[in-house]
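Trainee: Sharing a structure here in structure tokens format.
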Amino acid sequence: MSSFEIESLLHENRRFAPPAGFGEGAWIKSLEHYRELCARAEADPEGFWADLARSELHWFTPWQQVLDWQEPTARWFVGGKLNLAYNCLDRHLQTRGDKVAVLWEGEPGEVRALTYRELHAEVCRFANALKALGVGKGDVVAIYMPLVPEAAVAMLGCARIGAPHTVVFGGFSGDALRDRLIDAQARVVVTADGGWRKGAIVPLKPRVDEAVAQAPGVAHVICLKRVGQEVAMEPGRDHWWHELVASRSAECPAEAMDSEDLLFILYTSGTTGKPKGVVHTTGGYNLYTHITSKWIFDLHDEDVYWCTADVGWITGHSYVVYGPLSNGATTFMFEGAPNQPDPGRFWQLIEKHRIGIFYTAPTAIRTFIKWGDDWPARYDLSSLRLLGTVGEPINPEAWMWYHRVIGQERCPIVDTWWQTETGGIMITPLPGATITKPGSATMPFPGIVADVVDREGNSCPPNQGGYLVIRRPWPSMLRTVYRDPERYRQNYWSQVPHAYFAGDGARRDEEGYFWVMGRVDDVINVSGHRLGTMEIESALVSHPAVAEAAVVGRPDEIKGEAIVAFVTVESEVETTPQLLEELRAHVVKEIGALARPEEIRYAEALPKTRSGKIMRRLLRSLASGSDLTGDTSTLEDRSVLEKLREG
Ligand code: WTA
């Protein structure tokens, strides 16, 4: 973010109180109510979480200890036994059996509604099918699917029998899938023949075939027939979903899981090489996603709730599937693109399904702004009562547009800051309580102790930028990095003394509001998706023509950041425009379309420090066309810079 933007945010002084009357019907009714909860959590953090865990969730066996904290290892609700799928399904059957749990629309327009009773039966059949393949407690199942109800069925089926899942976003390439299958030691892959995206079929099964050929631990592939595409099926290894579940019983007891049993692994980008497997466990995750869904989205029985994320991301895990279903809500899923068949599709869906709560990413909002106000104006958006954003900082102008055009100045906006690692929303308004300021995620959720600090861990004075940290363990925090506890300690608990280091820069204003500025590490945020610059660099250098590569983010009006790469080529290689195209395609093959560089530039050499580190700061300035400010004295060879500038 430029200093100009920071400056303008400092002067953002518009304020929006909750709409009149909203608080009355809301779970959290007022600022006083919010403050009471915070005070209660402050006075007795363990008692605060324990009371909620007791009143909000079903436990087979109560815990003996609320929290066992040996920095950096947390164990929540020690000795307690529960099942997430039970909390999402079984306990609603009595009261909400015929209520729609999952409402879904495919890109071509077909609609499906699964009631809690139907979803429960589907999940049980699928869980029994997994068991029939020999999958049991602790066996990792990878899920690589389009956004169809079966993706949720597969996740819940795994949770039901205690098989940890690792969901891989369907936009990742076969190579990226392979790396995750190997790291997670997955035994089974659940996929589909393909999915619909922008009117075309995204072929998933062929990518699975490629990946599984190099991941020998995978014994079975379960394939859903979604698009009717011809696919190769390997006898013994591959099974059609519909055949596998056909004869299975619709009853499958939910396994009593230990509160700290592994629930899922989700890969996310970090500063170093390969994506890391973020580990979440059962009890704390269930509680925190449940209570944040309830209080932040103010879920009530008559609401239809739509979070536009794919289940391949943490937002899809916590706020499409587990949080809403644990609350007995109706969660809406849409498979396709927002401009298929035209840019009015989302608004048409809101009108058609009477969506009340809508949660999306700032990058989508900026795209809608570009498409123009006419599209939303054609539809009846009066069902909306609450809006949310997630994934990146929202610029105040996009916030104002969302408020005015979509919310029609009637709906509170919750700008929610959180991460794959935090499991659930950490800093956010509560819609009936918080006075919002466009561009600020406002205040921590009750029980969350967030701060902005310097490297030594001292709190920064108001309006001074620093590192965003969390000072106390919370129920849904990541437990470790899968099979790499050292990386967990190093990344999150060693940067600032005795605090969780989020990797984001932020400041607090004089009223204590948090303004998150973005990553302070080598992670870039493209359309709300996290990508490690190192990851893209390794993809580039794996091409034989490339000698060295450096990747940086450039501010982008729609995507937040765009990927710009600088490459040096091997000596005999010709620097043609065709090669640049080939390199872009190569990154797509290695990682997926989401990592396709916007621009690749040839360089004779890359600017490095004397110790050999690439000076990304200089490249960032070059990529965005801004002046080269700051210190260049550590640069090893100044002529490199001159050449890059000319090039
Ligand atoms: C960024 C997504 C500003 C941040 C849930 C964080 C945000 C990263 C916000 C996590 C927000 C997320 N305001 N920045 N409301 N929400 N971020 O793991 O940089 O995909 O560290 O989790 O997104 O991305 P992740």
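The way I read the labels, and the way they are meant: chains A, B, ... in the order of the structure tokens, residue 1 as the first residue of every chain, and ligand 1 as the first ligand shown, with later ones counted on from there.
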When you look at segment 81-87 of chain A with a cut-off of 8 Å (counting only C-alpha atoms), what residues show up, excluding the ones that are within fewer than 4 positions of it in the same chain? I need them as a PyMOL selection string.
Mentor: chain A and resi 57-63+91-92+156-157+159-160+254-259+282-283+286+322+326
Trainee: Can you tell me which residues sit at most 8 Å away from ligand 1, counting only C-alpha atoms and all ligand atoms, written as an NGL selection string?
Mentor: :A and (268 or 313-315 or 389-394 or 415-421 or 424-425 or 427-428 or 439-441 or 502-504 or 515-519 or 525 or 528-530)
Trainee: Tell me, which residues of segment 442-520 of chain A carry DSSP alpha helix (DSSP H), written as a ChimeraX atom specification?
Mentor: /A:485-493
Trainee: Put those residues in a file: all heavy atoms, as a compact mmCIF listing (two decimals), in the first residue's frame.
Mentor:
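Saved result, selection.txt, follows:
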```txt
# COMPACT_ATOMS: atom_id res chain seq x y z
N PRO A 485 6.52 -29.30 12.86
CA PRO A 485 6.30 -28.46 14.05
C PRO A 485 7.31 -27.31 14.17
O PRO A 485 6.98 -26.25 14.69
CB PRO A 485 6.45 -29.43 15.23
CG PRO A 485 7.05 -30.67 14.69
CD PRO A 485 6.75 -30.71 13.22
N GLU A 486 8.49 -27.51 13.65
CA GLU A 486 9.51 -26.47 13.75
C GLU A 486 9.10 -25.24 12.93
O GLU A 486 9.26 -24.10 13.33
CB GLU A 486 10.86 -27.02 13.29
CG GLU A 486 12.05 -26.15 13.62
CD GLU A 486 11.97 -25.44 14.98
OE1 GLU A 486 11.59 -26.09 15.98
OE2 GLU A 486 12.28 -24.22 15.02
N ARG A 487 8.55 -25.53 11.75
CA ARG A 487 8.10 -24.43 10.90
C ARG A 487 6.94 -23.67 11.57
O ARG A 487 6.84 -22.46 11.46
CB ARG A 487 7.64 -25.01 9.56
CG ARG A 487 7.51 -23.97 8.48
CD ARG A 487 7.39 -24.63 7.12
NE ARG A 487 6.94 -23.67 6.13
CZ ARG A 487 6.46 -23.99 4.94
NH1 ARG A 487 6.38 -25.27 4.60
NH2 ARG A 487 6.07 -23.08 4.09
N TYR A 488 6.12 -24.41 12.28
CA TYR A 488 5.02 -23.78 13.03
C TYR A 488 5.57 -22.80 14.05
O TYR A 488 5.20 -21.63 14.10
CB TYR A 488 4.19 -24.88 13.70
CG TYR A 488 3.21 -24.38 14.73
CD1 TYR A 488 2.13 -23.59 14.37
CD2 TYR A 488 3.37 -24.70 16.08
CE1 TYR A 488 1.23 -23.12 15.32
CE2 TYR A 488 2.48 -24.24 17.03
CZ TYR A 488 1.42 -23.45 16.65
OH TYR A 488 0.53 -22.98 17.60
N ARG A 489 6.50 -23.27 14.86
CA ARG A 489 7.09 -22.42 15.90
C ARG A 489 7.79 -21.20 15.27
O ARG A 489 7.58 -20.07 15.66
CB ARG A 489 8.11 -23.25 16.70
CG ARG A 489 8.79 -22.48 17.81
CD ARG A 489 9.93 -23.30 18.41
NE ARG A 489 9.46 -24.53 19.04
CZ ARG A 489 8.99 -24.59 20.29
NH1 ARG A 489 8.97 -23.50 21.04
NH2 ARG A 489 8.57 -25.72 20.79
N GLN A 490 8.57 -21.50 14.27
CA GLN A 490 9.37 -20.49 13.62
C GLN A 490 8.53 -19.37 12.98
O GLN A 490 8.75 -18.20 13.18
CB GLN A 490 10.23 -21.20 12.55
CG GLN A 490 11.32 -20.38 11.94
CD GLN A 490 12.19 -19.74 13.00
OE1 GLN A 490 12.51 -20.36 14.01
NE2 GLN A 490 12.57 -18.49 12.77
N ASN A 491 7.52 -19.80 12.21
CA ASN A 491 6.69 -18.86 11.47
C ASN A 491 5.79 -18.00 12.34
O ASN A 491 5.58 -16.84 12.06
CB ASN A 491 5.73 -19.64 10.56
CG ASN A 491 6.19 -19.63 9.14
OD1 ASN A 491 6.21 -18.58 8.51
ND2 ASN A 491 6.56 -20.80 8.64
N TYR A 492 5.20 -18.63 13.34
CA TYR A 492 4.10 -17.97 14.04
C TYR A 492 4.42 -17.54 15.47
O TYR A 492 3.79 -16.65 15.99
CB TYR A 492 2.87 -18.88 14.07
CG TYR A 492 2.41 -19.29 12.70
CD1 TYR A 492 2.64 -20.57 12.22
CD2 TYR A 492 1.79 -18.37 11.86
CE1 TYR A 492 2.23 -20.94 10.94
CE2 TYR A 492 1.37 -18.72 10.59
CZ TYR A 492 1.60 -20.02 10.14
OH TYR A 492 1.20 -20.37 8.88
N TRP A 493 5.38 -18.19 16.11
CA TRP A 493 5.59 -17.93 17.54
C TRP A 493 7.02 -17.51 17.86
O TRP A 493 7.43 -17.57 19.00
CB TRP A 493 5.19 -19.15 18.38
CG TRP A 493 3.73 -19.40 18.30
CD1 TRP A 493 3.08 -20.26 17.44
CD2 TRP A 493 2.69 -18.78 19.08
NE1 TRP A 493 1.72 -20.21 17.65
CE2 TRP A 493 1.45 -19.32 18.64
CE3 TRP A 493 2.69 -17.83 20.10
CZ2 TRP A 493 0.24 -18.93 19.19
CZ3 TRP A 493 1.47 -17.45 20.65
CH2 TRP A 493 0.27 -17.99 20.20
```
Trainee: Mind checking which residues fall within 9 Å of Gly560 of chain A, counting only C-alpha atoms, ignoring those fewer than 2 positions away in the same chain, and posting them as a VMD selection string?
Mentor: chain A and resid 362 to 363 392 to 393 525 to 528 554 to 558 562
Trainee: Deliver the residues from the most recent selection as a file, using N, CA and C atoms, as a PDB file, in the first residue's frame.
Mentor:
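Just written: again.pdb:
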```pdb
ATOM      1  N   PRO A 362     -13.582  -8.355  -1.442  1.00  0.00           N
ATOM      2  CA  PRO A 362     -13.442  -7.019  -2.035  1.00  0.00           C
ATOM      3  C   PRO A 362     -13.127  -7.053  -3.531  1.00  0.00           C
ATOM      4  N   THR A 363     -12.323  -8.024  -3.973  1.00  0.00           N
ATOM      5  CA  THR A 363     -11.978  -8.083  -5.395  1.00  0.00           C
ATOM      6  C   THR A 363     -13.243  -8.273  -6.237  1.00  0.00           C
ATOM      7  N   GLU A 392      -9.054  -9.572   1.961  1.00  0.00           N
ATOM      8  CA  GLU A 392      -8.070  -8.521   1.702  1.00  0.00           C
ATOM      9  C   GLU A 392      -8.658  -7.226   2.234  1.00  0.00           C
ATOM     10  N   PRO A 393      -7.805  -6.215   2.355  1.00  0.00           N
ATOM     11  CA  PRO A 393      -8.342  -4.934   2.803  1.00  0.00           C
ATOM     12  C   PRO A 393      -9.363  -4.436   1.774  1.00  0.00           C
ATOM     13  N   ASN A 525      -1.364 -11.101  -2.359  1.00  0.00           N
ATOM     14  CA  ASN A 525      -2.785 -11.390  -2.270  1.00  0.00           C
ATOM     15  C   ASN A 525      -3.425 -11.000  -3.600  1.00  0.00           C
ATOM     16  N   VAL A 526      -3.687 -12.008  -4.426  1.00  0.00           N
ATOM     17  CA  VAL A 526      -4.233 -11.772  -5.760  1.00  0.00           C
ATOM     18  C   VAL A 526      -5.698 -12.188  -5.747  1.00  0.00           C
ATOM     19  N   SER A 527      -6.573 -11.244  -5.932  1.00  0.00           N
ATOM     20  CA  SER A 527      -8.014 -11.509  -5.889  1.00  0.00           C
ATOM     21  C   SER A 527      -8.406 -12.249  -4.618  1.00  0.00           C
ATOM     22  N   GLY A 528      -7.819 -11.847  -3.507  1.00  0.00           N
ATOM     23  CA  GLY A 528      -8.172 -12.474  -2.237  1.00  0.00           C
ATOM     24  C   GLY A 528      -7.556 -13.847  -2.043  1.00  0.00           C
ATOM     25  N   ARG A 554       2.158  -6.139  -7.798  1.00  0.00           N
ATOM     26  CA  ARG A 554       1.979  -4.751  -8.218  1.00  0.00           C
ATOM     27  C   ARG A 554       0.539  -4.364  -7.882  1.00  0.00           C
ATOM     28  N   PRO A 555       0.328  -3.206  -7.269  1.00  0.00           N
ATOM     29  CA  PRO A 555      -1.045  -2.820  -6.930  1.00  0.00           C
ATOM     30  C   PRO A 555      -1.947  -2.891  -8.159  1.00  0.00           C
ATOM     31  N   ASP A 556      -3.123  -3.485  -7.995  1.00  0.00           N
ATOM     32  CA  ASP A 556      -4.046  -3.642  -9.113  1.00  0.00           C
ATOM     33  C   ASP A 556      -5.437  -3.223  -8.654  1.00  0.00           C
ATOM     34  N   GLU A 557      -6.063  -2.422  -9.485  1.00  0.00           N
ATOM     35  CA  GLU A 557      -7.343  -1.843  -9.105  1.00  0.00           C
ATOM     36  C   GLU A 557      -8.408  -2.884  -8.801  1.00  0.00           C
ATOM     37  N   ILE A 558      -8.425  -3.973  -9.537  1.00  0.00           N
ATOM     38  CA  ILE A 558      -9.452  -4.990  -9.343  1.00  0.00           C
ATOM     39  C   ILE A 558      -8.973  -6.118  -8.435  1.00  0.00           C
ATOM     40  N   ALA A 562      -1.376  -7.689  -8.580  1.00  0.00           N
ATOM     41  CA  ALA A 562      -1.156  -8.505  -9.775  1.00  0.00           C
ATOM     42  C   ALA A 562       0.274  -9.038  -9.712  1.00  0.00           C
TER      43      ALA A 562
END
```
Trainee: Looking at A:Val140, A:Ala50, A:Val588, A:Leu266, which one is nearest to Gln64 of chain A, with distances taken over only C-alpha atoms?
Mentor: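 Closest to Gln64 of chain A, using only C-alpha atoms: A:Ala50.
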